[in-house]
Each structure stands twice: as C-alpha cells, then as structure tokens.
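> I am sharing protein_7.txt, which consists of compact mmCIF, C-alpha atoms:
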```txt
# COMPACT_ATOMS: atom_id res chain seq x y z
CA MET A 126 0.00 0.00 0.00
CA LYS A 127 2.94 2.35 0.60
CA GLU A 128 3.25 4.94 -2.15
CA ARG A 129 6.84 5.99 -2.43
CA LYS A 130 7.17 7.17 -6.00
CA PRO A 131 7.81 10.91 -6.45
CA LYS A 132 4.64 12.82 -7.16
CA ASN A 133 3.45 16.31 -7.70
CA ILE A 134 2.09 18.07 -4.63
CA PHE A 135 1.26 21.44 -6.15
CA VAL A 136 -2.22 22.62 -7.06
CA GLN A 137 -3.11 25.95 -8.62
CA GLY A 138 -5.10 28.18 -6.24
CA PRO A 139 -6.86 27.17 -3.01
CA ILE A 140 -7.55 23.57 -1.93
CA ALA A 141 -11.32 23.04 -1.93
CA ALA A 142 -13.16 21.32 0.93
CA SER A 143 -14.73 19.03 -1.68
CA PHE A 144 -11.24 17.92 -2.77
CA ILE A 145 -10.46 17.04 0.86
CA ALA A 146 -13.74 15.11 1.10
CA ASP A 147 -12.87 13.16 -2.06
CA SER A 148 -9.46 12.27 -0.61
CA ILE A 149 -11.09 10.99 2.58
CA GLU A 150 -13.72 9.07 0.62
CA LYS A 151 -11.03 7.27 -1.41
CA HIS A 152 -9.79 5.59 1.77
CA LYS A 153 -13.06 3.75 2.38
CA SER A 154 -11.75 0.70 0.55
CA LYS A 155 -8.58 0.61 2.68
CA THR A 156 -10.19 -1.26 5.54
CA ASP A 157 -6.90 -1.84 7.36
CA ILE A 158 -6.79 1.88 8.25
CA GLY A 159 -7.94 2.78 11.77
CA GLY A 160 -6.97 6.45 11.96
CA HIS A 161 -6.45 9.44 9.71
CA SER A 162 -4.69 12.63 10.72
CA ILE A 163 -5.19 15.76 8.66
CA PHE A 164 -3.55 19.17 8.85
CA LEU A 165 -4.95 22.11 6.94
CA GLY A 166 -3.16 25.43 6.62
CA GLN A 167 -5.58 28.32 6.17
CA VAL A 168 -4.62 31.84 5.02
CA ARG A 169 -5.10 34.39 7.81
CA ALA A 170 -6.32 37.95 7.27
CA ASP A 171 -3.50 39.26 9.47
CA LYS A 172 -3.64 42.97 10.24
CA ILE A 173 -0.29 44.74 9.98
CA GLY A 174 -0.12 48.48 10.56
CA GLY A 175 -3.68 49.16 9.48
CA ARG A 176 -3.44 46.96 6.38
CA GLU A 177 -5.11 43.55 6.14
CA VAL A 178 -3.81 40.51 4.23
CA SER A 179 -6.36 39.77 1.50
CA CYS A 180 -4.49 36.83 -0.03
CA ILE A 181 -1.15 35.06 -0.20
CA GLU A 182 0.52 34.39 -3.53
CA TYR A 183 2.67 31.25 -3.39
CA THR A 184 5.65 30.50 -5.60
CA THR A 185 8.09 27.60 -5.47
CA TYR A 186 11.29 26.22 -6.88
CA GLU A 187 9.28 23.28 -8.11
CA GLU A 188 11.99 20.79 -9.08
CA MET A 189 13.80 21.22 -5.79
CA ALA A 190 10.56 21.20 -3.78
CA LEU A 191 9.39 17.90 -5.31
CA GLU A 192 12.78 16.26 -4.69
CA LYS A 193 12.76 17.51 -1.11
CA MET A 194 9.16 16.37 -0.57
CA HIS A 195 10.09 12.94 -1.91
CA ALA A 196 12.95 12.75 0.60
CA ILE A 197 10.68 13.85 3.46
CA ARG A 198 8.13 11.22 2.44
CA GLU A 199 10.80 8.50 2.41
CA ASP A 200 11.99 9.55 5.86
CA ILE A 201 8.48 9.61 7.29
CA PHE A 202 7.58 6.20 5.84
CA SER A 203 10.75 4.67 7.25
CA LYS A 204 10.10 6.22 10.68
CA TYR A 205 6.35 5.58 11.07
CA ASP A 206 4.16 2.61 10.27
CA LEU A 207 1.94 4.46 7.81
CA THR A 208 -0.59 3.09 5.37
CA CYS A 209 -0.52 6.20 3.21
CA MET A 210 0.37 9.87 3.03
CA HIS A 211 -0.92 12.63 0.78
CA VAL A 212 0.38 16.20 0.60
CA TYR A 213 -1.00 19.12 -1.40
CA HIS A 214 0.26 22.71 -1.44
CA SER A 215 -1.24 25.65 -3.28
CA LEU A 216 0.58 27.81 -5.81
CA GLY A 217 -0.64 31.21 -6.97
CA LYS A 218 -3.19 33.26 -5.07
CA VAL A 219 -5.09 31.89 -2.07
CA SER A 220 -7.50 34.30 -0.33
CA ALA A 221 -7.84 34.73 3.43
CA GLY A 222 -10.04 31.94 4.81
CA GLU A 223 -9.03 29.48 2.09
CA ILE A 224 -6.84 26.38 2.46
CA SER A 225 -3.26 26.38 1.08
CA LEU A 226 -1.80 23.22 2.66
CA PHE A 227 -3.34 19.77 3.09
CA VAL A 228 -1.37 16.98 4.77
CA PHE A 229 -3.16 13.65 5.19
CA THR A 230 -1.67 10.56 6.87
CA SER A 231 -3.31 7.22 7.65
CA SER A 232 -2.31 4.21 9.71
CA VAL A 233 -3.66 1.07 11.35
CA HIS A 234 -3.36 2.56 14.85
CA ARG A 235 -3.78 6.29 15.38
CA LYS A 236 -0.42 7.21 16.89
CA ALA A 237 1.61 6.72 13.70
CA ALA A 238 -0.75 8.84 11.61
CA ILE A 239 -0.88 11.64 14.21
CA ASP A 240 2.90 11.82 14.77
CA ALA A 241 3.71 11.49 11.07
CA CYS A 242 1.28 14.25 10.13
CA GLU A 243 2.74 16.69 12.64
CA GLU A 244 6.33 15.94 11.65
CA THR A 245 5.53 16.23 7.95
CA VAL A 246 3.92 19.65 8.47
CA GLU A 247 6.95 20.90 10.42
CA ARG A 248 9.33 19.67 7.72
CA ILE A 249 7.25 21.20 4.92
CA LYS A 250 7.29 24.56 6.69
CA THR A 251 11.06 24.57 7.22
CA GLU A 252 12.44 22.58 4.29
CA LEU A 253 10.28 23.13 1.21
CA PRO A 254 11.39 25.96 -1.08
CA VAL A 255 8.03 27.71 -1.19
CA TRP A 256 7.44 31.41 -0.64
CA GLY A 257 4.31 33.28 0.34
CA LYS A 258 3.81 36.89 -0.68
CA GLU A 259 1.15 38.50 1.52
CA LEU A 260 -0.94 40.89 -0.56
CA PHE A 261 -2.83 43.62 1.25
CA SER A 262 -6.12 45.11 0.17
CA ASP A 263 -4.34 48.41 -0.63
CA GLU A 264 -2.21 46.54 -3.22
CA THR A 265 0.99 46.72 -1.17
CA HIS A 266 2.68 43.46 -0.10
CA GLN A 267 5.14 41.90 2.28
CA TRP A 268 6.83 38.50 2.27
CA LYS A 269 5.47 35.97 4.70
CA VAL A 270 7.75 34.79 7.51
CA ASN A 271 7.12 31.32 8.99
CA GLN A 272 7.05 30.93 12.77
CA MET B 159 -15.23 32.75 19.19
CA LYS B 160 -14.84 30.09 21.89
CA GLU B 161 -17.84 27.77 22.10
CA ARG B 162 -18.14 26.42 25.59
CA LYS B 163 -21.79 25.52 25.91
CA PRO B 164 -22.57 21.80 26.23
CA LYS B 165 -23.54 20.27 22.92
CA ASN B 166 -24.45 16.96 21.43
CA ILE B 167 -21.60 15.07 19.78
CA PHE B 168 -23.48 11.95 18.70
CA VAL B 169 -24.63 11.21 15.18
CA GLN B 170 -26.53 8.13 14.05
CA GLY B 171 -24.45 5.91 11.76
CA PRO B 172 -21.20 6.79 9.95
CA ILE B 173 -19.81 10.31 9.56
CA ALA B 174 -19.90 11.20 5.85
CA ALA B 175 -16.96 12.82 4.05
CA SER B 176 -19.39 15.48 2.83
CA PHE B 177 -20.23 16.33 6.45
CA ILE B 178 -16.51 16.80 7.14
CA ALA B 179 -16.21 19.01 4.04
CA ASP B 180 -19.13 21.15 5.23
CA SER B 181 -17.47 21.56 8.64
CA ILE B 182 -14.23 22.69 7.00
CA GLU B 183 -16.10 25.03 4.64
CA LYS B 184 -17.84 26.75 7.57
CA HIS B 185 -14.46 27.99 8.83
CA LYS B 186 -13.80 30.08 5.72
CA SER B 187 -15.28 33.14 7.38
CA LYS B 188 -13.04 32.73 10.46
CA THR B 189 -10.07 34.48 8.88
CA ASP B 190 -8.09 34.57 12.13
CA ILE B 191 -7.54 30.78 11.85
CA GLY B 192 -4.16 29.67 10.48
CA GLY B 193 -4.31 25.93 11.09
CA HIS B 194 -6.83 23.12 11.43
CA SER B 195 -6.07 19.70 12.84
CA ILE B 196 -8.44 16.83 12.15
CA PHE B 197 -8.51 13.28 13.45
CA LEU B 198 -10.77 10.67 11.87
CA GLY B 199 -11.34 7.24 13.36
CA GLN B 200 -12.16 4.65 10.70
CA VAL B 201 -13.60 1.19 11.38
CA ARG B 202 -11.08 -1.54 10.53
CA ALA B 203 -12.01 -4.90 9.01
CA ASP B 204 -9.85 -6.68 11.59
CA LYS B 205 -9.42 -10.40 11.06
CA ILE B 206 -9.74 -12.45 14.23
CA GLY B 207 -9.51 -16.22 14.02
CA GLY B 208 -10.78 -16.46 10.46
CA ARG B 209 -13.63 -14.05 11.05
CA GLU B 210 -13.62 -10.47 9.73
CA VAL B 211 -15.17 -7.41 11.38
CA SER B 212 -17.91 -6.18 9.07
CA CYS B 213 -19.09 -3.31 11.26
CA ILE B 214 -18.95 -1.86 14.76
CA GLU B 215 -22.14 -1.05 16.64
CA TYR B 216 -21.62 1.84 19.05
CA THR B 217 -23.64 2.49 22.19
CA THR B 218 -23.15 5.11 24.88
CA TYR B 219 -24.30 6.28 28.27
CA GLU B 220 -25.32 9.50 26.60
CA GLU B 221 -25.96 11.79 29.57
CA MET B 222 -22.65 10.90 31.19
CA ALA B 223 -20.77 11.06 27.88
CA LEU B 224 -22.01 14.56 27.09
CA GLU B 225 -21.13 15.79 30.58
CA LYS B 226 -17.67 14.25 30.29
CA MET B 227 -17.16 15.67 26.80
CA HIS B 228 -18.14 19.10 28.08
CA ALA B 229 -15.53 18.79 30.85
CA ILE B 230 -12.88 17.66 28.35
CA ARG B 231 -13.73 20.61 26.10
CA GLU B 232 -13.40 23.06 29.00
CA ASP B 233 -10.02 21.58 29.95
CA ILE B 234 -8.73 21.73 26.38
CA PHE B 235 -9.88 25.33 25.86
CA SER B 236 -8.22 26.40 29.10
CA LYS B 237 -4.98 24.63 28.17
CA TYR B 238 -4.66 25.58 24.47
CA ASP B 239 -5.24 28.82 22.61
CA LEU B 240 -7.95 27.42 20.32
CA THR B 241 -10.32 29.26 18.04
CA CYS B 242 -12.77 26.38 17.93
CA MET B 243 -13.27 22.66 18.48
CA HIS B 244 -15.83 20.24 17.05
CA VAL B 245 -16.31 16.60 18.01
CA TYR B 246 -18.63 14.02 16.46
CA HIS B 247 -18.96 10.35 17.38
CA SER B 248 -21.14 7.75 15.70
CA LEU B 249 -23.79 5.67 17.43
CA GLY B 250 -25.31 2.53 15.94
CA LYS B 251 -23.69 0.58 13.11
CA VAL B 252 -20.66 1.83 11.21
CA SER B 253 -19.26 -0.47 8.51
CA ALA B 254 -15.57 -1.21 7.96
CA GLY B 255 -14.02 1.64 5.98
CA GLU B 256 -16.43 4.23 7.35
CA ILE B 257 -15.69 7.06 9.80
CA SER B 258 -16.94 6.83 13.41
CA LEU B 259 -15.00 9.67 15.10
CA PHE B 260 -14.31 13.20 13.86
CA VAL B 261 -12.30 15.60 16.00
CA PHE B 262 -11.62 19.05 14.52
CA THR B 263 -9.59 21.81 16.23
CA SER B 264 -8.55 25.20 14.86
CA SER B 265 -6.18 27.91 16.05
CA VAL B 266 -4.29 31.00 14.92
CA HIS B 267 -0.95 29.17 14.90
CA ARG B 268 -0.80 25.47 14.10
CA LYS B 269 0.73 24.09 17.31
CA ALA B 270 -2.31 24.67 19.53
CA ALA B 271 -4.68 22.98 17.06
CA ILE B 272 -2.37 19.98 16.57
CA ASP B 273 -1.69 19.39 20.27
CA ALA B 274 -5.32 19.98 21.29
CA CYS B 275 -6.60 17.55 18.65
CA GLU B 276 -4.28 14.77 19.77
CA GLU B 277 -5.08 15.26 23.47
CA THR B 278 -8.81 15.39 22.79
CA VAL B 279 -8.68 12.11 20.86
CA GLU B 280 -6.76 10.40 23.66
CA ARG B 281 -9.23 11.64 26.26
CA ILE B 282 -12.25 10.58 24.17
CA LYS B 283 -10.80 7.09 23.83
CA THR B 284 -10.14 6.66 27.54
CA GLU B 285 -12.81 8.76 29.25
CA LEU B 286 -16.00 8.72 27.19
CA PRO B 287 -18.51 6.00 28.14
CA VAL B 288 -18.90 4.61 24.61
CA TRP B 289 -18.74 0.95 23.67
CA GLY B 290 -18.06 -0.68 20.34
CA LYS B 291 -19.42 -4.13 19.53
CA GLU B 292 -17.49 -5.67 16.64
CA LEU B 293 -19.86 -7.60 14.43
CA PHE B 294 -18.41 -10.30 12.19
CA SER B 295 -19.76 -11.34 8.83
CA ASP B 296 -20.80 -14.72 10.33
CA GLU B 297 -23.12 -12.83 12.76
CA THR B 298 -20.96 -13.52 15.81
CA HIS B 299 -19.53 -10.56 17.75
CA GLN B 300 -16.92 -9.46 20.24
CA TRP B 301 -16.54 -6.28 22.26
CA LYS B 302 -13.93 -3.85 21.02
CA VAL B 303 -10.93 -3.16 23.27
CA ASN B 304 -9.15 0.20 22.92
CA GLN B 305 -5.36 0.27 22.72
CA MET C 70 -36.94 1.59 48.05
CA PRO C 71 -35.11 -0.01 45.15
CA ILE C 72 -31.87 1.23 43.66
CA ASN C 73 -32.04 1.37 39.87
CA ILE C 74 -28.96 0.28 38.00
CA ILE C 75 -28.30 0.77 34.28
CA ILE C 76 -25.92 -1.62 32.62
CA PHE C 77 -23.87 -1.06 29.46
CA GLY C 78 -21.90 -2.90 26.80
CA GLN C 79 -20.78 -6.47 27.41
CA LEU C 80 -22.12 -6.33 30.99
CA ALA C 81 -25.64 -6.08 29.59
CA ASP C 82 -24.96 -9.43 27.86
CA ILE C 83 -24.54 -10.87 31.38
CA ALA C 84 -27.13 -9.02 33.46
CA GLY C 85 -29.48 -7.28 31.03
CA GLY C 86 -29.73 -3.55 30.39
CA SER C 87 -31.11 -2.57 33.80
CA LEU C 88 -31.78 -3.87 37.28
CA ALA C 89 -33.60 -2.76 40.43
CA LEU C 90 -32.22 -4.04 43.74
CA GLU C 91 -33.69 -3.57 47.23
CA ASN C 92 -31.78 -2.93 50.43
CA ILE C 93 -28.54 -1.67 48.94
CA ALA C 94 -26.88 0.87 51.19
CA ASP C 95 -23.70 1.57 49.27
CA THR C 96 -21.61 0.55 46.25
CA ASN C 97 -19.69 -2.12 48.18
CA SER C 98 -22.95 -3.89 49.06
CA LEU C 99 -24.09 -3.44 45.47
CA VAL C 100 -21.00 -5.20 44.11
CA LYS C 101 -21.39 -8.05 46.63
CA GLU C 102 -25.04 -8.52 45.68
CA LEU C 103 -24.36 -8.32 41.93
CA HIS C 104 -21.63 -10.95 42.10
CA ILE C 105 -24.01 -13.32 43.88
CA LEU C 106 -26.76 -12.73 41.34
CA TYR C 107 -24.43 -12.79 38.30
CA PRO C 108 -21.23 -14.74 39.02
CA ALA C 109 -19.91 -13.83 35.56
CA LEU C 110 -19.73 -10.19 36.68
CA ALA C 111 -17.17 -11.15 39.34
CA THR C 112 -14.61 -11.86 36.64
CA ALA C 113 -15.61 -8.94 34.39
CA LYS C 114 -13.75 -5.64 34.41
CA TYR C 115 -16.00 -2.67 35.08
CA ALA C 116 -16.40 0.65 36.83
CA ILE C 117 -19.38 1.98 38.76
CA ALA C 118 -20.75 5.43 38.10
CA VAL C 119 -22.97 7.16 40.64
CA ASP C 120 -24.76 10.24 39.32
CA LYS C 121 -22.68 10.10 36.14
CA LYS C 122 -19.32 10.14 37.93
CA VAL C 123 -17.07 7.10 38.24
CA VAL C 124 -16.60 6.28 41.93
CA ASN C 125 -13.45 4.62 43.21
CA GLU C 126 -14.38 4.42 46.88
CA ASN C 127 -17.37 2.98 48.64
CA THR C 128 -20.23 5.40 48.03
CA ARG C 129 -23.55 5.73 49.85
CA LEU C 130 -26.62 5.11 47.66
CA THR C 131 -30.12 6.54 47.99
CA GLU C 132 -33.30 6.01 46.00
CA ASN C 133 -32.33 9.03 43.89
CA SER C 134 -28.89 7.74 43.00
CA ILE C 135 -28.32 7.03 39.33
CA VAL C 136 -26.11 3.95 39.33
CA ALA C 137 -24.44 2.57 36.19
CA LEU C 138 -22.14 -0.36 35.47
CA LEU C 139 -19.53 0.58 32.87
CA PRO C 140 -17.28 -1.93 31.12
CA PRO C 141 -13.98 -0.59 29.70
CA PHE C 142 -14.66 2.21 27.22
CA SER C 143 -14.02 1.46 23.57
CA GLY C 144 -15.24 4.48 21.63
CA GLY C 145 -13.54 6.06 18.64
CA MET D 61 30.94 30.26 -19.98
CA PRO D 62 28.27 31.97 -17.89
CA ILE D 63 26.79 30.54 -14.71
CA ASN D 64 23.01 30.77 -14.70
CA ILE D 65 21.36 31.73 -11.45
CA ILE D 66 17.66 31.52 -10.66
CA ILE D 67 16.31 33.83 -7.98
CA PHE D 68 13.20 33.36 -5.85
CA GLY D 69 10.82 35.26 -3.60
CA GLN D 70 11.82 38.64 -2.19
CA LEU D 71 15.31 38.28 -3.69
CA ALA D 72 13.74 38.51 -7.14
CA ASP D 73 12.40 41.92 -6.10
CA ILE D 74 16.04 42.96 -5.72
CA ALA D 75 17.82 41.18 -8.55
CA GLY D 76 15.14 39.93 -10.94
CA GLY D 77 14.14 36.31 -11.50
CA SER D 78 17.38 35.14 -13.12
CA LEU D 79 20.94 36.19 -13.86
CA ALA D 80 23.89 34.97 -15.91
CA LEU D 81 27.37 35.81 -14.60
CA GLU D 82 30.73 35.17 -16.27
CA ASN D 83 33.94 34.05 -14.57
CA ILE D 84 32.44 32.64 -11.40
CA ALA D 85 34.51 29.73 -10.07
CA ASP D 86 32.65 28.93 -6.89
CA THR D 87 29.83 30.01 -4.58
CA ASN D 88 32.08 32.30 -2.51
CA SER D 89 32.99 34.28 -5.64
CA LEU D 90 29.35 34.28 -6.64
CA VAL D 91 28.29 35.85 -3.34
CA LYS D 92 31.05 38.49 -3.59
CA GLU D 93 30.01 39.39 -7.14
CA LEU D 94 26.28 39.46 -6.28
CA HIS D 95 26.83 41.80 -3.35
CA ILE D 96 28.75 44.23 -5.59
CA LEU D 97 26.02 44.13 -8.25
CA TYR D 98 23.12 44.25 -5.77
CA PRO D 99 24.17 45.81 -2.46
CA ALA D 100 20.66 45.10 -1.03
CA LEU D 101 21.43 41.37 -1.25
CA ALA D 102 24.27 41.81 1.25
CA THR D 103 21.76 42.52 4.01
CA ALA D 104 19.20 39.94 2.85
CA LYS D 105 18.97 36.49 4.40
CA TYR D 106 19.26 33.71 1.84
CA ALA D 107 20.67 30.28 1.07
CA ILE D 108 22.33 29.08 -2.10
CA ALA D 109 21.29 25.83 -3.76
CA VAL D 110 23.55 24.08 -6.24
CA ASP D 111 21.87 21.34 -8.21
CA LYS D 112 18.81 21.57 -5.98
CA LYS D 113 20.71 21.06 -2.73
CA VAL D 114 21.41 23.83 -0.24
CA VAL D 115 25.19 24.24 0.12
CA ASN D 116 26.73 25.49 3.33
CA GLU D 117 30.37 25.45 2.26
CA ASN D 118 32.15 26.98 -0.71
CA THR D 119 31.19 24.91 -3.73
CA ARG D 120 32.83 24.75 -7.15
CA LEU D 121 30.57 25.83 -10.03
CA THR D 122 30.65 24.71 -13.65
CA GLU D 123 28.59 25.71 -16.67
CA ASN D 124 26.24 22.82 -15.86
CA SER D 125 25.61 23.86 -12.29
CA ILE D 126 22.06 24.85 -11.46
CA VAL D 127 22.44 27.70 -9.00
CA ALA D 128 19.52 29.19 -7.08
CA LEU D 129 19.17 31.95 -4.48
CA LEU D 130 16.59 31.01 -1.86
CA PRO D 131 15.18 33.44 0.70
CA PRO D 132 13.76 31.94 3.93
CA PHE D 133 11.00 29.45 3.12
CA SER D 134 7.47 30.47 4.00
CA GLY D 135 5.19 27.79 2.62
CA GLY D 136 2.14 26.34 4.30
```
Would you write the structure of this file as structure tokens?

Amino acid sequence: MKERKPKNIFVQGPIAASFIADSIEKHKSKTDIGGHSIFLGQVRADKIGGREVSCIEYTTYEEMALEKMHAIREDIFSKYDLTCMHVYHSLGKVSAGEISLFVFTSSVHRKAAIDACEETVERIKTELPVWGKELFSDETHQWKVNQ
Amino acid sequence: MKERKPKNIFVQGPIAASFIADSIEKHKSKTDIGGHSIFLGQVRADKIGGREVSCIEYTTYEEMALEKMHAIREDIFSKYDLTCMHVYHSLGKVSAGEISLFVFTSSVHRKAAIDACEETVERIKTELPVWGKELFSDETHQWKVNQ
Amino acid sequence: MPINIIIFGQLADIAGGSLALENIADTNSLVKELHILYPALATAKYAIAVDKKVVNENTRLTENSIVALLPPFSGG
Amino acid sequence: MPINIIIFGQLADIAGGSLALENIADTNSLVKELHILYPALATAKYAIAVDKKVVNENTRLTENSIVALLPPFSGG
C-alpha cells in the first residue's frame, strides 16, 4: 500500500473542501486503516499596521521542492508505520479563509498517523522551497515569515 | 469565538466525508484561523480467528458522555489557545471503511490545534462512556478493546 | 426503596440492560449482591458510576442515586 | 561560460528572477560578485542551492551547475 514514488504536490489556487472530502472518501476501501490525521493550513487575514492581508501568492522552486518532498516522504515512511500519506500545497493566489496546505496521513493505529502528520507539516514549513507573498487590500505586499 | 456551551456530539451511523467538508467550509469566514487539525477514526475490518469485522455497533451512556465531553472541552480550551473545536462520534452501526469519530480543532498558529486535537482524541478514547461491539460477517460478535 | 442500575456494553450481555435491587446501602454492598446474582460479573472488568461520575471508593446510595455499570470504554 | 542563477521570492524583487554571470569559479565568488552588483542582497537572508541542494560550504561551479538563491522558506 505504501506509495513511495515521487509525485506532484502542487495545485493551482486554493484547496477546496470538496477535494479534501474526495481524498477521505477514497480511503473507504482501505479497511486496514484505523486512523487518519489531517492538517490544513488556512490563510489568515493578518492585520499589519492598518493593512489587512487579502491573499497570499505562493511561488516555489518546483523541481527542488518535489525532490525535497520525496525525501521527506521516504523519511516519514521509514520512521512511522503508515498506510498512506498525501500532501497538497497551493501555488498562486489563495484568499484569506481558504486552504493552502493539506497533509493527510493514515495508519492502522492512530499514533503513527498523528505523529507522522505533525512531523511532515513541520518539515514542509522549514524545508520546502516555497514562498508566500502577503498581498494587502491596498495593493501593497510583504513577504510571509514562517514561525 | 470560543464555544463552551454543552452540545451533542453523537450522530446516528457513519460520519460522511461530505459532512466533514461542510465543517471545513464553515471555517472560511473565520479568517483569524491559520491551522486546522483533524482526526478521523475509521472502522477496521480486523481479522480475528478467520472471522472479519464487518461493522462496529456503538452504544453510549449519553448523559454521562455529554457531561464528560463538556468537561474535556473546558479543559482543552483552558490549556490551548484554540479558536474552535468540534467533536462528532457515531452511534449505531458503522461499517468497515467508514468514519466513526471526527475531532476538529482550529487555532491561529498550528501548534495549539495539533496538540489539542491529539489530546482530545486520547481523552475521548479513555474517558467517554462509549462501547463498540465488533460484528463479524458470520453474525458472531466481540466487544472492542481500545489500545 | 429499590436502587435502579443501568448496565452497558458487554455487561448487559450478562445481566441485562437494567436492574432494580432492594436494600442496597452503598456501592460495596451493590457489588457483593451483583456478584451473587451474576457470578460472571465477578470476573468482568467494570467501573461503577454514581450520578454520572465514576466512583473509586465505597459510596452511599439513595433512591435518587443514578447507578451505572460501565465496562472498559471502547469508543472512537 | 556563464553561470546561470535563478532567484526566488523577495530576492527577485532585488535582482530579478534570473541572472547569468561570467567568470564565477565557486559560490564564494558568486556571493562576492552578487553583493557588488546588488548591495541590497548583502543585508538579505538567503541560502544558495547548487543542483537543488542547499550548500553550506564553498562549492565549485561549472557551466552545468544549477544555481539558485533562496530566501527563507514560508510555505504552508
């Protein structure tokens, strides 16, 4: 069941709730799974000096990001007893309130899925060459800084 | 934004992927949220001595369970800086491959949502008076034991 | 006045979903009585809730007490 | 032969999305040259990737090297 071949993680624009539902639904036939852990990153309308973030525009160094994501996936699969893992990240503009990151891990017993999901999110945030440009409603911008 | 009034968590039968999508969608307007953490419990078709679990039938001591869930919710909100938390648990029959538990936490920064979700799941498993009866395809049964 | 007891999960397979017992002063007497009536309960693992709280020490019962027998939880 | 450099995020605001520089033997020389051409880069925080791997030590460059300037990542 383990999917370890490199695959694209990038989607243009926001990740729809219906897309997430479809991903969940596809696991119905995998009746060895007992727990799914999902992380969703949502764009915040942060207020900075009177301006409000209206959307984030994401860019990436795609070739490097996909190689890095493949390496992260290999590490996570070797560390945790996972049934499967799916990762999707937005490119282009994602408005405040919309989803830009979707990490989805599944395992027989819950602990592996939960720990793997959290670790994957942390690694994506620190290791994937992706940049968010926060666009304000007054058409100015600043570059996002990850915590 | 914090919802602390007691509420029902029980739904009859499996939790549909479309229900999960609707829950996610409803958070679009909460533009102070930066991260959502979701746990889904899925019924496994465990094989035990040649028999296979075809579904789990859940029962509860509802009044006690809702009081306990309310107490858990209060504890979690006082411990983590959450924007919101939603919990749904199935009652009645849920077939293998279907979802019986849906825990959904949201926060401004991801860590609170992730930690709160995991702790809530652990507490639900150990503290909520809910029982799962594993029904096999040959019409025999055994009572589920949580790890 | 009888004490009403509600019974859940696998324990209901042994003793039915509810019971009313007379002359039960506290939870220790309740357990003693139950194990006489249903010997299979003596080997079962369970907790007792009084008024929706699990009790770990001997607890006085009155006609208004809500008593429940709870096998190990297995939700999720 | 020129070394081609691709530039991402806020660094592209300073130096454009790509550059070709002649006579660059290694990443140390590259940094020196970049900071002369674009003084704002000298105060910017960034990493250098050669062939899609971040390099932390001085690294020899050839005409086939894929060089990229990467500001701090902020995905998710």
> Hey, could you make a per-residue contact list for chain B against chain C with 12 Å as the cut-off, showing the nearest pair of atoms and its distance in Å to one decimal, counting all atoms listed in the file, sorted by chain and number, as CSV?

```
residue,atom,partner,partner_atom,distance
B:Phe168,CA,C:Gly144,CA,11.5
B:Pro172,CA,C:Gly145,CA,11.6
B:Ile173,CA,C:Gly145,CA,11.8
B:Phe197,CA,C:Gly145,CA,10.2
B:Leu198,CA,C:Gly145,CA,8.6
B:Gly199,CA,C:Gly145,CA,5.8
B:Gln200,CA,C:Gly145,CA,8.2
B:Val201,CA,C:Gly145,CA,8.7
B:Arg202,CA,C:Gly145,CA,11.4
B:Ile214,CA,C:Gly144,CA,10.1
B:Glu215,CA,C:Gly144,CA,10.2
B:Tyr216,CA,C:Gly144,CA,7.4
B:Thr217,CA,C:Gly78,CA,7.3
B:Thr218,CA,C:Phe77,CA,7.7
B:Tyr219,CA,C:Phe77,CA,7.4
B:Glu220,CA,C:Lys121,CA,9.9
B:Glu221,CA,C:Lys121,CA,7.5
B:Met222,CA,C:Lys121,CA,5.0
B:Ala223,CA,C:Lys121,CA,8.5
B:Leu224,CA,C:Lys121,CA,10.1
B:Glu225,CA,C:Lys121,CA,8.1
B:Lys226,CA,C:Lys121,CA,8.7
B:Ala229,CA,C:Lys122,CA,11.8
B:Val245,CA,C:Gly145,CA,10.9
B:Tyr246,CA,C:Gly145,CA,9.7
B:His247,CA,C:Gly145,CA,7.0
B:Ser248,CA,C:Gly145,CA,8.3
B:Leu249,CA,C:Gly144,CA,9.6
B:Gly250,CA,C:Gly144,CA,11.7
B:Val252,CA,C:Gly145,CA,11.1
B:Glu256,CA,C:Gly145,CA,11.8
B:Ile257,CA,C:Gly145,CA,9.2
B:Ser258,CA,C:Gly145,CA,6.3
B:Leu259,CA,C:Gly145,CA,5.3
B:Phe260,CA,C:Gly145,CA,8.6
B:Val261,CA,C:Gly145,CA,10.0
B:Thr278,CA,C:Gly145,CA,11.3
B:Val279,CA,C:Gly145,CA,8.1
B:Glu280,CA,C:Gly145,CA,9.5
B:Arg281,CA,C:Gly145,CA,10.4
B:Ile282,CA,C:Gly144,CA,7.3
B:Lys283,CA,C:Gly144,CA,5.6
B:Thr284,CA,C:Phe142,CA,6.4
B:Glu285,CA,C:Phe142,CA,7.1
B:Leu286,CA,C:Phe142,CA,6.6
B:Pro287,CA,C:Phe142,CA,5.5
B:Val288,CA,C:Gly144,CA,4.7
B:Trp289,CA,C:Ser143,CA,4.7
B:Gly290,CA,C:Ser143,CA,5.6
B:Lys291,CA,C:Gly78,CA,7.8
B:Glu292,CA,C:Ser143,CA,10.5
B:His299,CA,C:Gln79,CA,10.6
B:Gln300,CA,C:Gln79,CA,8.7
B:Trp301,CA,C:Gln79,CA,6.7
B:Lys302,CA,C:Ser143,CA,5.9
B:Val303,CA,C:Ser143,CA,5.6
B:Asn304,CA,C:Ser143,CA,5.1
B:Gln305,CA,C:Ser143,CA,8.8
```
> As an exercise, work out the distance from CA of Ser176 in chain B to CA of Glu232 in chain B in Å and give it to one decimal place.
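A separation of 27.9 Å between them.
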> Would you give me, as a list in words, the residues of chain A that come within 7 Å of chain B, using all atoms listed in the file?
Ala142, Ser143, Ile145, Ala146, Ile149, Glu150, Lys153, Ser154, Lys155, Thr156, Asp157, Ile158, Gly159, Gly160, His161, Ser162, Ile163, Phe164, Leu165, Gly166, Gln167, Val168, Arg169, Ala170, Ala221, Gly222 and Glu223 of chain A
> Env of range 93-99 of chain C: 7 Å cut, atoms = only C-alpha atoms, seq-sep filter 6 positions within chain, self excluded. Answer as JSON, numbers by chain.
{"C": [72, 127, 128, 129, 130]}
> Using all atoms of range 220-235 of chain B listed in the file and a margin of 3 Å per side, can you give the axis-aligned box centre and edge lengths in Å to one decimal, as AutoDock Vina command-line options?

```
--center_x -17.3 --center_y 17.4 --center_z 28.5 --size_x 23.2 --size_y 21.8 --size_z 11.3
```
> For the atom pair CA of Ala104 in chain D and CA of Phe261 in chain A, what is the interatomic distance in Å to one decimal place?
22.4 Å
> Hey, which of D:Val115, D:Ala75, D:Asn64, D:Asn124 ends up closest to Ala102 in chain D? Count all atoms listed in the file.
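Answer, going by the shortest atom-to-atom distance: D:Ala75.
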> Could you please determine the separation between CA of Met227 in chain B and CA of Lys251 in chain B in Å, to one decimal place?
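Interatomic distance here is 21.4 Å.
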